[in-house]
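Participant: This is the content of protein-v4.cif (mmCIF, C-alpha atoms and all ligand atoms):
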```
data_data
loop_
_atom_site.label_atom_id
_atom_site.label_comp_id
_atom_site.auth_asym_id
_atom_site.auth_seq_id
_atom_site.Cartn_x
_atom_site.Cartn_y
_atom_site.Cartn_z
CA LEU Z 13 119.08 110.71 92.17
CA PHE Z 14 117.97 108.85 95.28
CA TYR Z 15 118.03 105.07 95.74
CA LEU Z 16 115.66 104.07 98.55
CA ALA Z 17 115.16 100.54 99.88
CA VAL Z 18 113.80 98.71 102.89
CA PRO Z 19 116.46 96.75 104.81
CA GLU Z 20 115.32 93.32 103.57
CA ILE Z 21 113.89 92.63 100.11
CA SER Z 22 111.49 89.68 99.77
CA ASP Z 23 110.51 87.64 96.72
CA ALA Z 24 106.84 88.74 96.86
CA ALA Z 25 105.49 90.63 93.81
CA ASP Z 26 105.58 93.76 95.95
CA GLY Z 27 107.07 96.72 94.10
CA THR Z 28 107.06 98.97 97.14
CA GLN Z 29 110.28 97.61 98.65
CA ASP Z 30 112.67 99.94 96.88
CA THR Z 31 112.56 102.86 94.48
CA LEU Z 32 114.43 105.44 92.45
CA LEU Z 33 113.51 109.09 92.96
CA VAL Z 34 114.70 111.97 90.85
CA ARG Z 35 114.66 115.54 92.07
CA VAL Z 36 115.13 118.32 89.52
CA VAL Z 37 116.09 121.72 90.87
CA ALA Z 38 115.81 125.01 89.01
CA GLU Z 39 118.37 127.78 89.39
CA ASP Z 40 116.12 129.61 91.84
CA GLY Z 41 115.65 126.53 94.01
CA LEU Z 42 112.16 125.52 92.88
CA ASP Z 43 112.09 121.73 92.55
CA GLY Z 44 110.12 118.79 91.22
CA TRP Z 45 110.09 115.10 92.11
CA GLY Z 46 109.50 111.88 90.18
CA GLU Z 47 109.64 108.13 90.76
CA SER Z 48 110.43 105.20 88.47
CA ASP Z 49 108.92 101.72 88.81
CA SER Z 50 112.02 99.77 87.88
CA SER Z 51 115.26 98.35 89.21
CA PRO Z 52 116.52 101.49 90.95
CA LEU Z 53 120.25 101.00 90.55
CA VAL Z 54 120.05 99.81 86.95
CA SER Z 55 118.03 102.93 86.21
CA LEU Z 56 120.45 105.11 88.16
CA ALA Z 57 123.21 103.78 85.93
CA ALA Z 58 121.31 105.03 82.86
CA TYR Z 59 121.67 108.54 84.29
CA VAL Z 60 125.32 108.48 85.24
CA CYS Z 61 127.00 106.04 82.83
CA PRO Z 62 129.82 107.59 80.81
CA PRO Z 63 128.98 107.98 77.10
CA SER Z 64 129.73 104.98 74.87
CA HIS Z 65 128.89 106.77 71.64
CA GLY Z 66 126.33 109.24 70.34
CA ASN Z 67 123.35 106.95 71.07
CA ILE Z 68 124.51 105.96 74.56
CA VAL Z 69 124.79 109.18 76.50
CA GLY Z 70 123.84 109.10 80.18
CA LEU Z 71 120.55 110.89 80.89
CA ARG Z 72 122.07 113.24 83.42
CA GLN Z 73 124.41 114.68 80.80
CA SER Z 74 121.43 115.51 78.55
CA LEU Z 75 119.19 116.90 81.28
CA VAL Z 76 121.38 119.09 83.46
CA GLY Z 77 121.65 122.76 82.53
CA VAL Z 78 118.84 122.91 79.97
CA GLU Z 79 115.98 125.41 79.90
CA VAL Z 80 112.43 124.20 80.56
CA ALA Z 81 109.98 127.10 80.54
CA SER Z 82 107.06 125.57 78.65
CA VAL Z 83 105.41 122.27 77.78
CA ASP Z 84 107.11 122.39 74.37
CA ASP Z 85 110.50 122.86 76.06
CA LEU Z 86 109.80 119.89 78.33
CA ARG Z 87 108.83 117.60 75.47
CA GLY Z 88 111.87 118.72 73.49
CA VAL Z 89 114.28 118.19 76.39
CA VAL Z 90 112.91 114.77 77.27
CA GLY Z 91 112.82 113.73 73.61
CA ARG Z 92 116.44 114.75 73.08
CA ALA Z 93 117.57 112.93 76.24
CA ARG Z 94 115.79 109.78 75.07
CA ARG Z 95 117.24 110.13 71.57
CA ARG Z 96 120.79 110.38 72.94
CA ALA Z 97 120.23 107.35 75.20
CA ARG Z 98 118.30 105.29 72.65
CA ASP Z 99 120.61 102.27 72.86
CA ILE Z 100 120.35 101.99 76.65
CA ALA Z 101 117.63 99.36 77.11
CA GLN Z 102 116.61 100.84 80.47
CA VAL Z 103 116.07 104.31 79.07
CA ASN Z 104 112.30 104.69 79.51
CA HIS Z 105 112.24 103.09 82.96
CA ALA Z 106 114.95 105.48 84.04
CA LEU Z 107 113.78 108.59 82.24
CA ALA Z 108 110.31 108.20 83.76
CA ALA Z 109 111.41 109.68 87.09
CA ALA Z 110 113.05 112.75 85.56
CA ASP Z 111 110.15 113.30 83.17
CA ILE Z 112 107.66 113.20 86.05
CA ALA Z 113 109.88 115.53 88.09
CA LEU Z 114 110.03 117.98 85.19
CA TRP Z 115 106.23 118.04 84.84
CA ASP Z 116 105.99 118.64 88.60
CA LEU Z 117 108.51 121.49 88.40
CA LEU Z 118 106.90 123.06 85.33
CA GLY Z 119 103.48 122.95 86.97
CA LYS Z 120 104.86 124.73 90.03
CA ARG Z 121 106.61 127.28 87.80
CA LEU Z 122 103.47 128.01 85.76
CA GLN Z 123 101.20 127.71 88.82
CA LYS Z 124 99.03 125.04 87.25
CA PRO Z 125 98.21 121.40 87.97
CA VAL Z 126 99.87 118.96 85.59
CA TRP Z 127 96.50 117.78 84.21
CA GLN Z 128 95.93 121.31 82.97
CA LEU Z 129 99.34 121.44 81.28
CA LEU Z 130 98.35 118.21 79.50
CA GLY Z 131 95.25 119.87 78.09
CA HIS Z 132 92.55 118.25 80.22
CA PRO Z 133 89.63 120.62 80.86
CA GLU Z 134 89.03 119.23 84.37
CA SER Z 135 90.08 116.56 86.84
CA LEU Z 136 87.31 113.99 87.06
CA PRO Z 137 86.92 111.57 89.97
CA LYS Z 138 87.87 107.93 89.24
CA VAL Z 139 86.65 104.89 91.14
CA ALA Z 140 89.71 103.91 93.18
CA TYR Z 141 90.33 100.22 93.21
CA ALA Z 142 92.30 98.98 96.17
CA SER Z 143 95.12 96.93 94.74
CA VAL Z 144 96.41 94.04 96.85
CA LEU Z 145 98.02 90.62 96.58
CA PHE Z 146 96.02 87.42 97.11
CA GLY Z 147 96.46 85.93 100.56
CA VAL Z 148 98.31 82.67 101.05
CA THR Z 149 94.94 81.04 101.82
CA PRO Z 150 91.38 81.97 100.76
CA GLU Z 151 90.71 82.89 104.40
CA ASP Z 152 93.54 85.45 104.28
CA THR Z 153 92.12 86.87 101.05
CA GLU Z 154 88.64 87.15 102.53
CA SER Z 155 89.90 89.05 105.55
CA VAL Z 156 91.82 91.55 103.35
CA ALA Z 157 88.67 91.99 101.22
CA ARG Z 158 86.67 92.80 104.35
CA ARG Z 159 89.21 95.44 105.34
CA ILE Z 160 89.03 97.00 101.87
CA ALA Z 161 85.23 97.13 101.90
CA GLY Z 162 85.34 98.50 105.45
CA ALA Z 163 87.70 101.27 104.33
CA GLY Z 164 85.06 102.51 101.91
CA PHE Z 165 86.45 101.24 98.60
CA ARG Z 166 83.95 100.41 95.84
CA ALA Z 167 86.41 98.27 93.89
CA ALA Z 168 89.34 95.97 94.57
CA LYS Z 169 91.90 93.97 92.69
CA PHE Z 170 93.56 90.83 93.98
CA GLY Z 171 96.60 89.43 92.27
CA TRP Z 172 99.67 87.23 92.18
CA GLY Z 173 100.44 85.05 95.22
CA PRO Z 174 99.01 81.53 94.82
CA PHE Z 175 96.63 82.41 91.96
CA GLY Z 176 97.10 80.13 88.95
CA GLN Z 177 99.74 78.04 90.71
CA GLY Z 178 97.44 75.11 91.57
CA GLU Z 179 94.22 73.79 90.03
CA VAL Z 180 91.26 75.73 88.63
CA ASP Z 181 89.34 74.96 91.82
CA ASP Z 182 92.06 76.68 93.86
CA ASP Z 183 91.66 79.82 91.72
CA VAL Z 184 87.91 79.70 92.22
CA ALA Z 185 88.33 79.37 96.00
CA GLN Z 186 90.52 82.50 96.08
CA VAL Z 187 88.15 84.57 93.93
CA HIS Z 188 85.13 83.32 95.87
CA ALA Z 189 86.83 84.43 99.10
CA ALA Z 190 87.58 87.86 97.64
CA ARG Z 191 83.97 88.30 96.52
CA LYS Z 192 82.64 87.07 99.86
CA GLY Z 193 84.81 89.54 101.77
CA LEU Z 194 83.94 92.46 99.51
CA GLY Z 195 80.21 91.76 99.30
CA GLN Z 196 78.15 91.98 96.13
CA GLY Z 197 78.45 95.73 95.51
CA PRO Z 198 82.11 96.48 94.80
CA ARG Z 199 83.84 95.77 91.52
CA LEU Z 200 86.35 92.92 91.61
CA MET Z 201 89.35 92.48 89.34
CA VAL Z 202 91.76 89.55 89.23
CA ASP Z 203 95.45 89.83 88.37
CA ALA Z 204 96.75 86.41 87.34
CA GLY Z 205 100.33 87.65 87.43
CA TRP Z 206 101.59 85.78 84.30
CA ALA Z 207 100.52 82.49 85.92
CA PHE Z 208 99.51 80.67 82.75
CA GLY Z 209 102.61 81.36 80.67
CA GLU Z 210 101.19 80.87 77.17
CA ASP Z 211 98.64 78.16 78.10
CA VAL Z 212 95.39 79.45 76.60
CA GLU Z 213 93.37 76.34 77.62
CA ARG Z 214 94.30 76.69 81.28
CA ALA Z 215 93.58 80.44 81.29
CA GLU Z 216 90.23 79.88 79.59
CA ALA Z 217 89.24 77.28 82.18
CA THR Z 218 89.97 79.67 85.04
CA ALA Z 219 88.31 82.62 83.28
CA ARG Z 220 85.09 80.69 82.72
CA ALA Z 221 85.15 79.35 86.29
CA ILE Z 222 85.54 82.78 87.92
CA ALA Z 223 83.16 84.63 85.56
CA PRO Z 224 80.12 84.00 87.81
CA PHE Z 225 81.74 86.13 90.54
CA GLY Z 226 81.30 89.28 88.45
CA ILE Z 227 84.86 90.02 87.37
CA THR Z 228 85.53 93.43 85.81
CA TRP Z 229 88.72 92.11 84.21
CA LEU Z 230 91.24 89.30 84.23
CA GLU Z 231 94.70 90.86 84.17
CA GLU Z 232 97.90 89.45 82.72
CA PRO Z 233 96.96 85.78 82.49
CA PHE Z 234 100.02 85.35 80.26
CA ALA Z 235 103.58 86.53 80.05
CA PRO Z 236 103.70 90.11 78.79
CA GLU Z 237 105.28 89.10 75.47
CA ALA Z 238 102.68 86.36 74.74
CA ILE Z 239 100.61 88.67 72.55
CA GLY Z 240 99.26 85.72 70.52
CA ALA Z 241 97.98 83.97 73.65
CA TYR Z 242 96.12 87.12 74.71
CA ALA Z 243 94.53 87.38 71.26
CA ALA Z 244 93.54 83.70 71.30
CA LEU Z 245 91.93 84.00 74.74
CA ALA Z 246 90.08 87.17 73.70
CA LEU Z 247 88.60 85.28 70.75
CA ARG Z 248 87.24 82.58 73.06
CA ALA Z 249 84.82 85.11 74.58
CA THR Z 250 84.88 83.83 78.16
CA GLY Z 251 82.74 86.72 79.34
CA VAL Z 252 85.64 88.14 81.38
CA PRO Z 253 87.31 91.20 79.81
CA LEU Z 254 91.11 91.24 79.60
CA ALA Z 255 93.55 93.80 80.93
CA ALA Z 256 97.29 94.13 80.35
CA GLY Z 257 100.01 96.60 79.48
CA GLU Z 258 101.78 97.48 82.72
CA SER Z 259 105.04 96.06 81.36
CA ALA Z 260 105.01 98.35 78.33
CA ASP Z 261 108.21 100.38 78.47
CA ASP Z 262 107.56 102.00 75.12
CA VAL Z 263 104.44 103.42 73.51
CA ARG Z 264 104.85 100.97 70.65
CA ARG Z 265 104.50 98.05 73.07
CA ALA Z 266 101.37 99.61 74.54
CA GLU Z 267 100.02 99.90 71.02
CA ASP Z 268 100.79 96.21 70.44
CA PHE Z 269 98.48 95.27 73.35
CA LEU Z 270 95.72 97.42 71.90
CA LEU Z 271 96.02 96.35 68.27
CA ASN Z 272 97.14 92.72 68.52
CA ALA Z 273 96.33 91.32 71.98
CA GLY Z 274 92.61 92.08 72.13
CA VAL Z 275 92.76 93.66 75.58
CA ASP Z 276 89.78 95.69 76.76
CA TYR Z 277 91.72 97.73 79.32
CA LEU Z 278 95.20 99.08 78.66
CA GLN Z 279 97.17 99.45 81.87
CA VAL Z 280 100.04 101.88 81.65
CA ASP Z 281 102.69 102.54 84.26
CA ALA Z 282 104.00 106.08 83.92
CA GLY Z 283 107.02 104.98 85.94
CA ARG Z 284 108.05 102.52 83.21
CA ILE Z 285 106.90 104.00 79.90
CA GLY Z 286 108.99 107.14 80.13
CA GLY Z 287 106.97 109.15 82.63
CA ILE Z 288 103.96 111.37 82.13
CA THR Z 289 105.01 112.12 78.55
CA GLY Z 290 105.04 108.43 77.54
CA ALA Z 291 101.92 107.52 79.52
CA HIS Z 292 100.04 110.42 77.98
CA ALA Z 293 100.95 109.13 74.51
CA GLY Z 294 99.52 105.74 75.56
CA TRP Z 295 96.38 107.43 76.80
CA GLN Z 296 95.99 109.23 73.46
CA LEU Z 297 96.13 105.85 71.68
CA CYS Z 298 93.32 104.55 73.92
CA ARG Z 299 91.28 107.65 73.28
CA ASP Z 300 91.69 107.34 69.50
CA LEU Z 301 90.87 103.60 69.57
CA ARG Z 302 88.03 104.06 72.08
CA ARG Z 303 89.52 101.69 74.64
CA SER Z 304 89.66 102.12 78.38
CA TYR Z 305 92.87 103.43 79.90
CA VAL Z 306 93.85 102.49 83.44
CA ASN Z 307 96.90 103.52 85.40
CA HIS Z 308 99.17 100.81 86.75
CA THR Z 309 100.53 102.02 90.08
CA TYR Z 310 102.08 99.89 92.78
CA LYS Z 311 104.31 102.52 94.29
CA SER Z 312 103.95 105.66 96.43
CA HIS Z 313 101.43 108.48 96.08
CA LEU Z 314 104.09 110.38 94.14
CA SER Z 315 103.64 107.78 91.39
CA LEU Z 316 99.87 107.69 91.96
CA ALA Z 317 99.54 111.44 91.48
CA ALA Z 318 101.68 111.35 88.32
CA ALA Z 319 99.53 108.51 86.97
CA LEU Z 320 96.22 110.25 87.66
CA HIS Z 321 97.16 113.52 85.94
CA VAL Z 322 97.70 111.62 82.67
CA PHE Z 323 94.02 110.73 82.15
CA ALA Z 324 92.37 113.17 84.57
CA GLY Z 325 89.79 114.51 82.12
CA ASP Z 326 88.86 111.19 80.46
CA SER Z 327 85.23 110.37 81.28
CA HIS Z 328 85.45 107.05 79.39
CA SER Z 329 88.21 105.72 81.67
CA GLY Z 330 86.75 105.84 85.14
CA LEU Z 331 88.82 103.37 87.17
CA ALA Z 332 92.12 104.03 88.91
CA GLU Z 333 94.52 101.63 90.58
CA PHE Z 334 95.11 102.70 94.18
CA PRO Z 335 97.91 101.08 96.20
CA PHE Z 336 96.17 99.88 99.36
CA GLU Z 337 99.13 98.57 101.32
CA GLY Z 338 102.87 98.31 100.99
CA SER Z 339 106.14 99.10 102.72
CA ALA Z 340 106.46 102.00 105.16
CA LEU Z 341 108.86 103.49 102.63
CA SER Z 342 106.21 103.64 99.95
CA MET Z 343 103.16 104.39 102.10
CA GLY Z 344 104.98 107.20 103.90
CA LEU Z 345 106.98 108.67 101.02
CA THR Z 346 104.71 111.67 100.47
CA SER Z 347 103.77 114.17 103.17
CA ASN Z 348 100.24 114.24 101.81
CA ARG Z 349 98.29 111.28 100.44
CA LEU Z 350 95.54 111.47 97.83
CA PRO Z 351 92.21 111.08 99.62
CA VAL Z 352 89.50 108.60 98.65
CA ASP Z 353 86.12 110.34 98.93
CA ALA Z 354 82.90 109.01 100.49
CA ASP Z 355 82.01 107.37 97.17
CA GLY Z 356 85.34 105.56 96.95
CA ARG Z 357 86.75 107.89 94.33
CA VAL Z 358 90.12 109.57 93.86
CA ARG Z 359 91.18 112.36 91.52
CA ALA Z 360 94.32 114.11 90.33
CA PRO Z 361 95.00 117.08 92.63
CA SER Z 362 94.16 120.57 91.38
CA THR Z 363 96.99 122.23 93.29
CA VAL Z 364 100.14 123.19 91.34
CA GLY Z 365 102.45 120.55 89.88
CA LEU Z 366 101.71 116.96 90.86
CA GLY Z 367 100.10 118.09 94.10
CA VAL Z 368 102.13 115.88 96.43
CA ALA Z 369 105.38 116.49 98.31
CA VAL Z 370 108.13 114.07 99.32
CA HIS Z 371 108.39 113.56 103.07
CA PRO Z 372 111.94 114.57 104.06
CA GLU Z 373 112.14 112.27 107.09
CA VAL Z 374 110.96 109.21 105.19
CA LEU Z 375 113.40 110.04 102.41
CA ALA Z 376 116.21 110.27 104.95
CA ALA Z 377 115.17 107.04 106.67
CA TYR Z 378 115.29 104.90 103.51
CA ALA Z 379 117.85 106.62 101.26
CA ARG Z 380 120.87 104.39 100.69
CA SER Z 381 124.33 105.73 100.25
CA VAL Z 382 125.60 105.09 96.71
CA ARG Z 383 129.04 105.80 95.29
CA ILE Z 384 130.20 104.81 91.80
CA GLU Z 385 133.89 105.15 91.08
CA ILE Z 386 136.00 104.47 87.99
CA ASP Z 387 139.80 104.43 88.16
CA GLY Z 388 139.63 106.34 91.40
CA SER Z 389 137.46 109.18 90.19
CA VAL Z 390 133.91 109.40 91.49
CA LEU Z 391 131.26 109.17 88.78
CA PHE Z 392 128.34 109.45 91.18
CA ARG Z 393 127.89 110.00 94.87
CA SER Z 394 124.42 110.21 96.41
CA ALA Z 395 123.52 113.56 97.89
CA ALA Z 396 122.47 113.93 101.48
CA PRO Z 397 118.70 113.31 101.52
CA GLY Z 398 116.60 116.46 101.21
MG MG F 401 99.29 93.62 87.39
#
```
Before anything else, please render the file you have as structure tokens.
Facilitator:
Amino acid sequence: LFYLAVPEISDAADGTQDTLLVRVVAEDGLDGWGESDSSPLVSLAAYVCPPSHGNIVGLRQSLVGVEVASVDDLRGVVGRARRRARDIAQVNHALAAADIALWDLLGKRLQKPVWQLLGHPESLPKVAYASVLFGVTPEDTESVARRIAGAGFRAAKFGWGPFGQGEVDDDVAQVHAARKGLGQGPRLMVDAGWAFGEDVERAEATARAIAPFGITWLEEPFAPEAIGAYAALALRATGVPLAAGESADDVRRAEDFLLNAGVDYLQVDAGRIGGITGAHAGWQLCRDLRRSYVNHTYKSHLSLAAALHVFAGDSHSGLAEFPFEGSALSMGLTSNRLPVDADGRVRAPSTVGLGVAVHPEVLAAYARSVRIEIDGSVLFRSAAPG
């Protein structure tokens, strides 16, 4: 278990400032890596906490020393670990990293890419949308949009920051700036970042006002639990599709967005919903209900690769969130980064496992020393990086 963090954490909605990595190592030394998108130390506690009773057993106790030689083994091991930690609220956030690491390890063991282990016939290219935060001013937003278009992206998403914090006209100015910077060709998505609480009228006013800029979706206008507000806005047919789901830390919550919130795009974060196993279950729901699945990824390319394997073969879901900027920790975490091709597309790697490797020097530079002690005996001590 590795807790990594930049020296100073800001209040911005920037999830790249810290992270929890899990490395699983087989008896012969072959290893796999995974990353959670969560509070790293709270998740670390879900691994190392002493048992409280049969439904609160630390994940590490369930995962160390078990055999994983097949996909069925992996699903069984992860399912049992979750079952024994069912009453730890953080369980799926935490387990995500180990689950992803196990898929990586199994792929390396069986000499196959993870997408193949999941049953996809091929890895199709997805249009990578550069995912960034709105600038403080519309001018800042426009200049970021120009950089994104200049880097060859055919889609971009702007979110959070000042959006929804002022008047409708302020929202329009920000979206106008993003569209101006991108030009008319690229797709543009807007992430309202929970700005409207449960205020359907206010969200509708902004949705109608930004519709003329050609918006692929309006994301999370409301708090994640405001399912009724999402449904009400969907019924008002503003002409702007809705996207949500990144907060789902359980497949049942993802299903709630699909069945009861009226969202057109379900966004799933493998690093929160229990890893590749949980995200793949969310993808199967979308497939069965004929909705579009989109990864939510605002972490390193380790998380991006894990996310892309989940829906690699899905020709109906052709967009992929691509972290465009972030901390040096996150941008440098993998030795290799997933390339965006000349048409602005990215795909899950076809090399074995996840297809990315953790950069040992970046790991060493950001790994924090953690020691948890009870009554003088050490429950957990972080390993030397690498
Ligand atoms: Mg979002």
Participant: Pick out the residues no farther than 7 Å from ligand MG 401 (chain F), counting all atoms listed in the file, and list them as a list in words.
Facilitator: Gly171, Asp203, Gly205, Glu231, Glu232 and Glu258 of chain Z
Participant: Work out how far atom CA of Z:Pro63 is from atom CA of Z:Asp99, in Å to one decimal.
Facilitator: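 For atom CA of Z:Asp99 relative to atom CA of Z:Pro63, the distance reads 11.0 Å.
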Participant: For each of Z:Gln279, Z:Thr309, Z:Ser315, Z:Ser82, take the minimum atom-to-atom distance to Z:Leu118, counting all atoms listed in the file, then give the residue where this is smallest.
Facilitator: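 Nearest candidate to Z:Leu118 out of Z:Gln279, Z:Thr309, Z:Ser315, Z:Ser82: Z:Ser82.
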Participant: Hey, which of Z:Arg248, Z:Arg121, Z:Arg95, Z:Lys169 ends up closest to Z:Glu39? Count all atoms listed in the file.
Facilitator: Z:Arg121
Participant: Do you know which residues are at most 9 Å from stretch 132-143 of chain Z counting only C-alpha atoms, after dropping those on the same chain fewer than 5 positions away, and could you put them as number ranges by chain?
Facilitator: Z: 127, 160, 165-171, 199-201, 309-310, 320-327, 329-337, 352, 355-362
Participant: So what do you get for atom CA of Z:Ser74 versus atom CA of Z:Ser394, distance-wise?
Facilitator: 18.9 Å
Participant: Determine the nearest neighbour of Z:Ala109 from the options Z:Asn67, Z:Thr218, Z:Thr346, Z:Ser55, counting all atoms listed in the file.
Facilitator: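 The closest residue to Z:Ala109 is Z:Ser55.
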Participant: Would you work out the distance separating atom CA of Z:Phe392 from atom CA of Z:Gln102, expressed in Å to one decimal?
Facilitator: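 Distance reported for this atom pair: 18.1 Å.
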Participant: Given the choices Z:Gly257, Z:Gly367, Z:Pro52, Z:Pro174, which gets closest to Z:Val126 if the distance is worked out from all atoms listed in the file?
Facilitator: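 The shortest atom-to-atom distance to Z:Val126 comes from Z:Gly367.
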Participant: Can you tell me, as a list in words, which residues sit within 9 Å of (93.6, 75.2, 84.2) in the file's frame, using all atoms listed in the file?
Facilitator: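 So the residues meeting the distance criterion are Gly176, Gly178, Glu179, Val180, Asp181, Phe208, Asp211, Val212, Glu213, Arg214, Ala215, Glu216, Ala217 and Thr218 of chain Z.
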Participant: For the selection you just gave me, I'd like the residues written to a file as an mmCIF file, in the coordinates of the input, keeping C-alpha atoms.
Facilitator:
```
data_model
loop_
_atom_site.group_PDB
_atom_site.id
_atom_site.type_symbol
_atom_site.label_atom_id
_atom_site.label_comp_id
_atom_site.auth_asym_id
_atom_site.auth_seq_id
_atom_site.Cartn_x
_atom_site.Cartn_y
_atom_site.Cartn_z
ATOM 1 C CA GLY Z 176 97.100 80.130 88.950
ATOM 2 C CA GLY Z 178 97.440 75.110 91.570
ATOM 3 C CA GLU Z 179 94.220 73.790 90.030
ATOM 4 C CA VAL Z 180 91.260 75.730 88.630
ATOM 5 C CA ASP Z 181 89.340 74.960 91.820
ATOM 6 C CA PHE Z 208 99.510 80.670 82.750
ATOM 7 C CA ASP Z 211 98.640 78.160 78.100
ATOM 8 C CA VAL Z 212 95.390 79.450 76.600
ATOM 9 C CA GLU Z 213 93.370 76.340 77.620
ATOM 10 C CA ARG Z 214 94.300 76.690 81.280
ATOM 11 C CA ALA Z 215 93.580 80.440 81.290
ATOM 12 C CA GLU Z 216 90.230 79.880 79.590
ATOM 13 C CA ALA Z 217 89.240 77.280 82.180
ATOM 14 C CA THR Z 218 89.970 79.670 85.040
#
```
Participant: What's the 12 Å shell around Z:Val80, counting all atoms listed in the file, without same-chain residues fewer than 5 positions away, as a ChimeraX atom specification?
Facilitator: /Z:36-39,75,85-90,111,113-119,121-122
Participant: Taking all atoms listed in the file into account, which of Z:Leu16, Z:Leu42, Z:Leu270, Z:Ala340 comes nearest Z:Gln123?
Facilitator: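 Going through Z:Leu16, Z:Leu42, Z:Leu270, Z:Ala340 one by one, the smallest distance to Z:Gln123 is for Z:Leu42.
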